[in-house]
Amino acid sequence: PVIYLVTPTYRRPEQIPDLTRLAQTLLNVPAVHWIVVEDSSTLSPAIASLLKRYGIPHTHLKAQMPEKYKKSKLKPRGVANRNAALDWVRSNCKSGVVYFADDDNTYDIRLFEEMRFTKKVSMWPVGLVTKVGLSSPVVNDKGLVVDFFDGWMANRKFPVDMAGFAVSVQLVLEKSDVYMPYVPGHEEDGFLKKLDITPADIEPKADRCTQIFVWHTQTKSNSPANRTTAAGKRYKGTNIDILQEWVV
Ligand code: UGA
Ligand code: MN
């Protein structure tokens, strides 16, 4: 089965470095189709060329966060992007598995073989999530998911991180009206609840959820570059002019 890996992304100083790292991770993964969805009104040529360069099967889309959410302090990040990818999957795929892989996480390539044969929904631990440093299903001695461990339970039925689950394309097709809600912090829970799954449907992976194969690393955010220095006469006609184009 093909893994449809959905990556929401948006323009910021760390965007290209984060996508470069993820692309190079995916070079090690067979049968993957990378759906990169930009939160932007236009497709970035730099991202298009990155995607082409690595030769990973991919689809490059755009889907902007609705204007009304952009002003709020807590934003539903990556939701429009992921929902556009769900539409794409529903129109283009018949089998496989969907995984929502944010651009700023660290992925151990062993993770991908864990999720590949997901029947409905599979789940596994994610490191570096909240103050407890971990988000994971709680698995009993019979190998069943009986609870969840997360530093921010927030009354959620499925207190899991976006990087902690995958869904089969078959289920995405069956539940054809299910999208991710525009509710910050509750995107995963809202989406999973609407899929109508029972605890017994959840397939615990990563050796009964005893291994961490993905981390919510986050990249230190950098201030936009100050372009005035390099814009000076002194650098006119030099390589610095060209480099400026790559700097956000
Ligand atoms: C955490 C979760 O890991 C996200 O999956 C979840 O959507 C988010 O919280 C939330 O609850 O809002 P976090 O690391 O805090 O994510 O957020 P980001 O990594 O900044 O954003 C998640 C994804 O959306 C990233 O791939 C990012 O590139 C993208 N994004 C972010 C956009 O496309 N547009 C934005 O304005 C911000
Ligand atoms: Mn993140």
# chains A, B, ... in the order shown; residues from 1 in each chain; ligands from 1
>>> residues_near_ligand(ligand="ligand 1", cutoff="8 Å", atoms="only C-alpha atoms and all ligand atoms", output="ChimeraX atom specification")
/A:7-10,15,37-39,64-65,70,74-81,100-105,161-163,183-188,216,218
>>> write_last_selection(atoms="N, CA and C atoms", output="compact mmCIF listing (two decimals), in the first residue's frame")
# COMPACT_ATOMS: atom_id res chain seq x y z
N THR A 7 1.46 16.99 4.05
CA THR A 7 2.24 18.00 4.77
C THR A 7 1.71 19.40 4.51
N PRO A 8 1.08 20.00 5.55
CA PRO A 8 0.72 21.41 5.43
C PRO A 8 2.00 22.24 5.62
N THR A 9 2.11 23.34 4.90
CA THR A 9 3.29 24.18 5.08
C THR A 9 2.95 25.63 4.77
N TYR A 10 3.72 26.55 5.32
CA TYR A 10 3.48 27.98 5.05
C TYR A 10 4.81 28.72 5.05
N GLN A 15 10.93 27.50 6.45
CA GLN A 15 10.15 26.60 5.60
C GLN A 15 11.01 25.69 4.72
N VAL A 37 0.84 20.75 0.84
CA VAL A 37 -0.22 21.75 0.65
C VAL A 37 0.19 23.06 1.30
N GLU A 38 0.37 24.06 0.46
CA GLU A 38 0.79 25.37 0.94
C GLU A 38 -0.38 26.21 1.40
N ASP A 39 -0.22 26.81 2.58
CA ASP A 39 -1.18 27.81 3.07
C ASP A 39 -0.77 29.12 2.42
N GLN A 64 -5.59 28.08 1.44
CA GLN A 64 -5.35 29.11 2.44
C GLN A 64 -6.24 29.01 3.65
N MET A 65 -5.68 29.35 4.79
CA MET A 65 -6.49 29.45 6.01
C MET A 65 -7.54 30.54 5.77
N LYS A 70 -7.30 33.87 10.50
CA LYS A 70 -5.94 34.43 10.45
C LYS A 70 -5.73 35.47 11.54
N LEU A 74 -5.11 32.10 18.65
CA LEU A 74 -4.95 30.64 18.49
C LEU A 74 -5.54 30.26 17.14
N LYS A 75 -4.69 29.86 16.24
CA LYS A 75 -5.16 29.57 14.88
C LYS A 75 -5.30 28.06 14.65
N PRO A 76 -6.28 27.68 13.83
CA PRO A 76 -6.35 26.27 13.41
C PRO A 76 -5.32 26.04 12.30
N ARG A 77 -4.11 25.73 12.69
CA ARG A 77 -2.99 25.65 11.75
C ARG A 77 -3.02 24.40 10.88
N GLY A 78 -2.90 24.61 9.61
CA GLY A 78 -2.79 23.47 8.70
C GLY A 78 -4.10 22.77 8.39
N VAL A 79 -5.21 23.33 8.85
CA VAL A 79 -6.50 22.65 8.67
C VAL A 79 -7.00 22.74 7.22
N ALA A 80 -6.99 23.96 6.67
CA ALA A 80 -7.42 24.12 5.28
C ALA A 80 -6.56 23.22 4.38
N ASN A 81 -5.27 23.20 4.67
CA ASN A 81 -4.34 22.39 3.87
C ASN A 81 -4.71 20.90 3.93
N PHE A 100 -0.91 12.44 8.38
CA PHE A 100 -0.73 13.89 8.44
C PHE A 100 0.62 14.20 9.06
N ALA A 101 1.57 14.55 8.22
CA ALA A 101 2.95 14.75 8.67
C ALA A 101 3.34 16.23 8.56
N ASP A 102 3.28 16.94 9.67
CA ASP A 102 3.66 18.35 9.69
C ASP A 102 5.12 18.51 9.25
N ASP A 103 5.43 19.71 8.75
CA ASP A 103 6.76 19.90 8.16
C ASP A 103 7.88 20.02 9.18
N ASP A 104 7.55 20.18 10.46
CA ASP A 104 8.60 20.49 11.44
C ASP A 104 8.81 19.38 12.47
N ASN A 105 8.36 18.17 12.18
CA ASN A 105 8.59 17.05 13.09
C ASN A 105 9.81 16.24 12.65
N ASP A 161 -1.68 13.40 19.24
CA ASP A 161 -1.07 14.41 18.40
C ASP A 161 -1.33 14.08 16.92
N MET A 162 -1.27 15.10 16.10
CA MET A 162 -1.48 14.92 14.66
C MET A 162 -0.53 13.85 14.08
N ALA A 163 0.68 13.78 14.64
CA ALA A 163 1.69 12.85 14.11
C ALA A 163 1.52 11.44 14.67
N VAL A 183 -10.87 23.99 14.81
CA VAL A 183 -10.87 24.24 16.24
C VAL A 183 -9.46 23.98 16.78
N PRO A 184 -8.72 25.07 17.09
CA PRO A 184 -7.34 24.90 17.52
C PRO A 184 -7.21 23.92 18.69
N GLY A 185 -6.32 22.98 18.55
CA GLY A 185 -6.08 22.00 19.61
C GLY A 185 -7.01 20.79 19.53
N HIS A 186 -8.09 20.93 18.80
CA HIS A 186 -9.07 19.83 18.73
C HIS A 186 -9.22 19.27 17.32
N GLU A 187 -8.25 19.57 16.46
CA GLU A 187 -8.32 19.09 15.08
C GLU A 187 -8.31 17.57 15.01
N GLU A 188 -7.39 16.96 15.75
CA GLU A 188 -7.24 15.51 15.71
C GLU A 188 -8.48 14.83 16.28
N HIS A 216 7.71 15.63 18.07
CA HIS A 216 7.18 16.96 17.78
C HIS A 216 8.31 17.97 18.07
N GLN A 218 9.69 20.70 16.58
CA GLN A 218 9.53 22.14 16.33
C GLN A 218 10.89 22.78 16.03
>>> select_by_dssp(residues="region 9-120 of chain A", states="strand (DSSP E)", output="NGL selection string")
:A and (9 or 32-38 or 58-62 or 97-100 or 106-107)
>>> select_by_dssp(residues="region 135-245 of chain A", states="alpha helix (DSSP H)", output="list in words")
Val169, Gln170, Leu171, Val172, Leu173, Glu174, Glu187, Glu188, Asp189, Gly190, Phe191, Leu192, Lys193, Lys194, Ala206, Asp207, Arg208, Cys209, Thr228, Thr229, Ala230, Ala231, Asn239, Ile240, Asp241, Ile242, Leu243 and Gln244 of chain A
>>> residues_around(residues="Leu86 (chain A)", least_positions_apart="2", cutoff="9 Å", atoms="only C-alpha atoms", output="CSV table (one decimal) with all heavy atoms, in the first residue's frame")
chain,number,residue,atom,x,y,z
A,6,VAL,N,0.6,13.7,4.1
A,6,VAL,CA,0.0,15.1,3.9
A,6,VAL,C,0.8,16.1,4.7
A,6,VAL,O,0.8,16.0,5.9
A,6,VAL,CB,-1.5,15.1,4.3
A,6,VAL,CG1,-2.0,16.5,4.2
A,6,VAL,CG2,-2.3,14.1,3.4
A,81,ASN,N,-5.3,23.2,4.7
A,81,ASN,CA,-4.3,22.4,3.9
A,81,ASN,C,-4.7,20.9,3.9
A,81,ASN,O,-4.8,20.2,2.9
A,81,ASN,CB,-2.9,22.5,4.4
A,81,ASN,CG,-2.5,23.9,5.0
A,81,ASN,OD1,-3.3,24.5,5.6
A,81,ASN,ND2,-1.3,24.3,4.8
A,82,ARG,N,-4.9,20.4,5.2
A,82,ARG,CA,-5.2,19.0,5.3
A,82,ARG,C,-6.5,18.6,4.7
A,82,ARG,O,-6.7,17.5,4.1
A,82,ARG,CB,-5.2,18.6,6.8
A,82,ARG,CG,-3.8,18.7,7.4
A,82,ARG,CD,-3.8,18.2,8.8
A,82,ARG,NE,-2.7,18.6,9.6
A,82,ARG,CZ,-2.7,19.6,10.5
A,82,ARG,NH1,-3.8,20.2,10.8
A,82,ARG,NH2,-1.6,20.0,11.1
A,83,ASN,N,-7.5,19.5,4.8
A,83,ASN,CA,-8.8,19.2,4.2
A,83,ASN,C,-8.7,19.2,2.7
A,83,ASN,O,-9.4,18.4,2.0
A,83,ASN,CB,-9.9,20.2,4.7
A,83,ASN,CG,-10.3,19.9,6.1
A,83,ASN,OD1,-10.1,18.8,6.6
A,83,ASN,ND2,-10.8,20.9,6.8
A,84,ALA,N,-7.9,20.1,2.1
A,84,ALA,CA,-7.7,20.0,0.6
A,84,ALA,C,-7.1,18.7,0.2
A,84,ALA,O,-7.4,18.1,-0.8
A,84,ALA,CB,-6.8,21.2,0.2
A,88,TRP,N,-8.3,15.7,-2.3
A,88,TRP,CA,-7.5,15.1,-3.4
A,88,TRP,C,-7.5,13.6,-3.2
A,88,TRP,O,-7.6,12.9,-4.2
A,88,TRP,CB,-6.1,15.7,-3.3
A,88,TRP,CG,-5.2,15.3,-4.4
A,88,TRP,CD1,-5.1,15.9,-5.6
A,88,TRP,CD2,-4.4,14.1,-4.5
A,88,TRP,NE1,-4.3,15.2,-6.5
A,88,TRP,CE2,-3.9,14.1,-5.8
A,88,TRP,CE3,-4.2,13.0,-3.6
A,88,TRP,CZ2,-3.0,13.0,-6.2
A,88,TRP,CZ3,-3.3,12.0,-4.1
A,88,TRP,CH2,-2.8,12.0,-5.4
A,89,VAL,N,-7.3,13.1,-2.0
A,89,VAL,CA,-7.2,11.7,-1.8
A,89,VAL,C,-8.6,11.0,-2.3
A,89,VAL,O,-8.6,10.0,-2.9
A,89,VAL,CB,-6.9,11.3,-0.3
A,89,VAL,CG1,-7.2,9.9,0.0
A,89,VAL,CG2,-5.5,11.7,0.0
A,90,ARG,N,-9.7,11.7,-1.9
A,90,ARG,CA,-11.0,11.1,-2.2
A,90,ARG,C,-11.2,11.1,-3.7
A,90,ARG,O,-11.9,10.2,-4.2
A,90,ARG,CB,-12.1,11.9,-1.5
A,90,ARG,CG,-12.1,11.6,0.0
A,90,ARG,CD,-13.2,12.3,0.7
A,90,ARG,NE,-13.2,11.9,2.1
A,90,ARG,CZ,-13.2,12.7,3.2
A,90,ARG,NH1,-13.1,14.0,3.0
A,90,ARG,NH2,-13.1,12.2,4.4
A,91,SER,N,-10.6,12.0,-4.5
A,91,SER,CA,-10.8,12.0,-5.9
A,91,SER,C,-9.8,11.1,-6.6
A,91,SER,O,-10.0,10.8,-7.8
A,91,SER,CB,-10.7,13.4,-6.5
A,91,SER,OG,-11.3,14.3,-5.7
A,98,VAL,N,-3.4,7.2,4.8
A,98,VAL,CA,-3.2,8.7,4.9
A,98,VAL,C,-2.5,9.0,6.2
A,98,VAL,O,-3.0,8.6,7.3
A,98,VAL,CB,-4.5,9.5,4.8
A,98,VAL,CG1,-4.3,11.0,5.0
A,98,VAL,CG2,-5.2,9.2,3.5
A,172,VAL,N,-11.3,6.7,4.8
A,172,VAL,CA,-11.4,8.1,4.3
A,172,VAL,C,-12.5,8.1,3.2
A,172,VAL,O,-13.3,9.1,3.1
A,172,VAL,CB,-10.1,8.7,3.9
A,172,VAL,CG1,-10.3,10.0,3.1
A,172,VAL,CG2,-9.2,8.9,5.1
A,178,VAL,N,-16.2,13.5,6.1
A,178,VAL,CA,-15.4,13.8,7.3
A,178,VAL,C,-14.2,14.7,7.0
A,178,VAL,O,-13.4,14.3,6.1
A,178,VAL,CB,-15.0,12.5,8.0
A,178,VAL,CG1,-14.0,12.8,9.2
A,178,VAL,CG2,-16.2,11.8,8.6
A,179,TYR,N,-14.1,15.8,7.6
A,179,TYR,CA,-13.0,16.8,7.5
A,179,TYR,C,-12.4,17.1,8.9
A,179,TYR,O,-13.0,16.8,9.9
A,179,TYR,CB,-13.4,18.0,6.7
A,179,TYR,CG,-13.8,17.8,5.3
A,179,TYR,CD1,-15.1,17.5,4.9
A,179,TYR,CD2,-12.8,17.8,4.3
A,179,TYR,CE1,-15.4,17.2,3.6
A,179,TYR,CE2,-13.1,17.5,3.0
A,179,TYR,CZ,-14.4,17.2,2.6
A,179,TYR,OH,-14.7,17.0,1.3
>>> residues_around(residues="Lys193 (chain A)", least_positions_apart="3", cutoff="10 Å", atoms="only C-alpha atoms", output="number ranges by chain")
A: 156-158, 178, 188-190, 196-198
>>> write_last_selection(atoms="all heavy atoms", output="CSV table (one decimal), in the first residue's frame")
chain,number,residue,atom,x,y,z
A,156,ARG,N,-10.8,15.6,25.7
A,156,ARG,CA,-10.8,15.0,24.3
A,156,ARG,C,-11.0,13.5,24.4
A,156,ARG,O,-10.5,12.9,25.3
A,156,ARG,CB,-9.5,15.3,23.6
A,156,ARG,CG,-9.2,16.8,23.3
A,156,ARG,CD,-7.9,17.0,22.5
A,156,ARG,NE,-6.7,16.7,23.3
A,156,ARG,CZ,-5.5,16.6,22.8
A,156,ARG,NH1,-5.3,16.8,21.5
A,156,ARG,NH2,-4.5,16.4,23.5
A,157,LYS,N,-11.8,13.0,23.5
A,157,LYS,CA,-12.0,11.5,23.4
A,157,LYS,C,-10.7,10.9,22.9
A,157,LYS,O,-10.4,9.8,23.4
A,157,LYS,CB,-13.2,11.2,22.5
A,157,LYS,CG,-13.5,9.7,22.4
A,157,LYS,CD,-14.7,9.4,21.5
A,157,LYS,CE,-15.0,7.9,21.6
A,157,LYS,NZ,-16.0,7.6,20.5
A,158,PHE,N,-10.1,11.5,21.9
A,158,PHE,CA,-8.8,11.0,21.4
A,158,PHE,C,-7.7,12.1,21.6
A,158,PHE,O,-7.4,12.8,20.7
A,158,PHE,CB,-9.0,10.7,19.9
A,158,PHE,CG,-10.0,9.7,19.6
A,158,PHE,CD1,-11.2,10.0,19.0
A,158,PHE,CD2,-9.8,8.3,19.8
A,158,PHE,CE1,-12.2,9.1,18.8
A,158,PHE,CE2,-10.7,7.3,19.5
A,158,PHE,CZ,-12.0,7.7,19.0
A,178,VAL,N,-16.2,13.5,6.1
A,178,VAL,CA,-15.4,13.8,7.3
A,178,VAL,C,-14.2,14.7,7.0
A,178,VAL,O,-13.4,14.3,6.1
A,178,VAL,CB,-15.0,12.5,8.0
A,178,VAL,CG1,-14.0,12.8,9.2
A,178,VAL,CG2,-16.2,11.8,8.6
A,188,GLU,N,-7.4,17.0,15.8
A,188,GLU,CA,-7.2,15.5,15.7
A,188,GLU,C,-8.5,14.8,16.3
A,188,GLU,O,-9.1,13.9,15.7
A,188,GLU,CB,-6.0,15.1,16.5
A,188,GLU,CG,-4.7,15.6,16.1
A,188,GLU,CD,-4.3,17.0,16.8
A,188,GLU,OE1,-5.3,17.6,17.3
A,188,GLU,OE2,-3.2,17.4,16.8
A,189,ASP,N,-8.9,15.3,17.5
A,189,ASP,CA,-10.0,14.7,18.2
A,189,ASP,C,-11.3,14.9,17.3
A,189,ASP,O,-12.1,13.9,17.2
A,189,ASP,CB,-10.2,15.4,19.5
A,189,ASP,CG,-11.2,14.7,20.4
A,189,ASP,OD1,-11.2,13.5,20.5
A,189,ASP,OD2,-12.0,15.4,21.1
A,190,GLY,N,-11.5,16.0,16.8
A,190,GLY,CA,-12.7,16.3,16.0
A,190,GLY,C,-12.8,15.3,14.8
A,190,GLY,O,-13.8,14.7,14.4
A,196,ASP,N,-16.1,7.7,13.6
A,196,ASP,CA,-16.9,6.7,14.1
A,196,ASP,C,-16.2,5.4,14.5
A,196,ASP,O,-16.7,4.3,14.1
A,196,ASP,CB,-18.0,6.3,13.1
A,196,ASP,CG,-19.4,6.8,13.6
A,196,ASP,OD1,-19.5,7.0,14.8
A,196,ASP,OD2,-20.3,6.9,12.8
A,197,ILE,N,-15.0,5.5,15.1
A,197,ILE,CA,-14.3,4.3,15.4
A,197,ILE,C,-14.5,3.9,16.8
A,197,ILE,O,-14.7,4.7,17.7
A,197,ILE,CB,-12.8,4.4,15.1
A,197,ILE,CG1,-12.3,5.8,15.6
A,197,ILE,CG2,-12.5,4.3,13.6
A,197,ILE,CD1,-10.8,6.0,15.7
A,198,THR,N,-14.4,2.6,17.1
A,198,THR,CA,-14.4,2.1,18.5
A,198,THR,C,-13.0,1.9,19.0
A,198,THR,O,-12.1,1.7,18.1
A,198,THR,CB,-15.2,0.8,18.5
A,198,THR,OG1,-14.4,-0.2,17.8
A,198,THR,CG2,-16.6,0.9,17.9
>>> closest_residue(among="A:Asp150, A:Glu113, A:Asp141, A:Glu14", to="ligand 2", atoms="only C-alpha atoms and all ligand atoms")
A:Glu14
>>> residues_around(residues="region 3-5 of chain A", least_positions_apart="2", cutoff="12 Å", atoms="only C-alpha atoms", output="VMD selection string")
chain A and resid 1 7 to 8 22 to 23 26 29 to 37 56 to 60 82 85 to 86 88 to 90 92 to 103 107 111 to 118 163 165 to 169 172
>>> closest_residue(among="A:Ile240, A:Ala200, A:Leu61, A:Met153", to="Val132 (chain A)", atoms="only C-alpha atoms")
A:Met153
>>> closest_residue(among="A:Asp207, A:Thr217, A:Asn155, A:Gly232", to="Val129 (chain A)", atoms="only C-alpha atoms")
A:Thr217
>>> closest_residue(among="A:Thr106, A:Ser176, A:Gln211, A:Ser122", to="ligand 2", atoms="only C-alpha atoms and all ligand atoms")
A:Thr106
>>> closest_residue(among="A:Arg227, A:Lys236, A:Arg208, A:Lys220", to="ligand 2", atoms="only C-alpha atoms and all ligand atoms")
A:Lys220
>>> closest_residue(among="A:Val247, A:Val138, A:Val214, A:Ala225", to="ligand 2", atoms="only C-alpha atoms and all ligand atoms")
A:Val214
>>> atom_distance(atom1="CA of Asp147 (chain A)", atom2="CA of Ile109 (chain A)")
26.3 Å
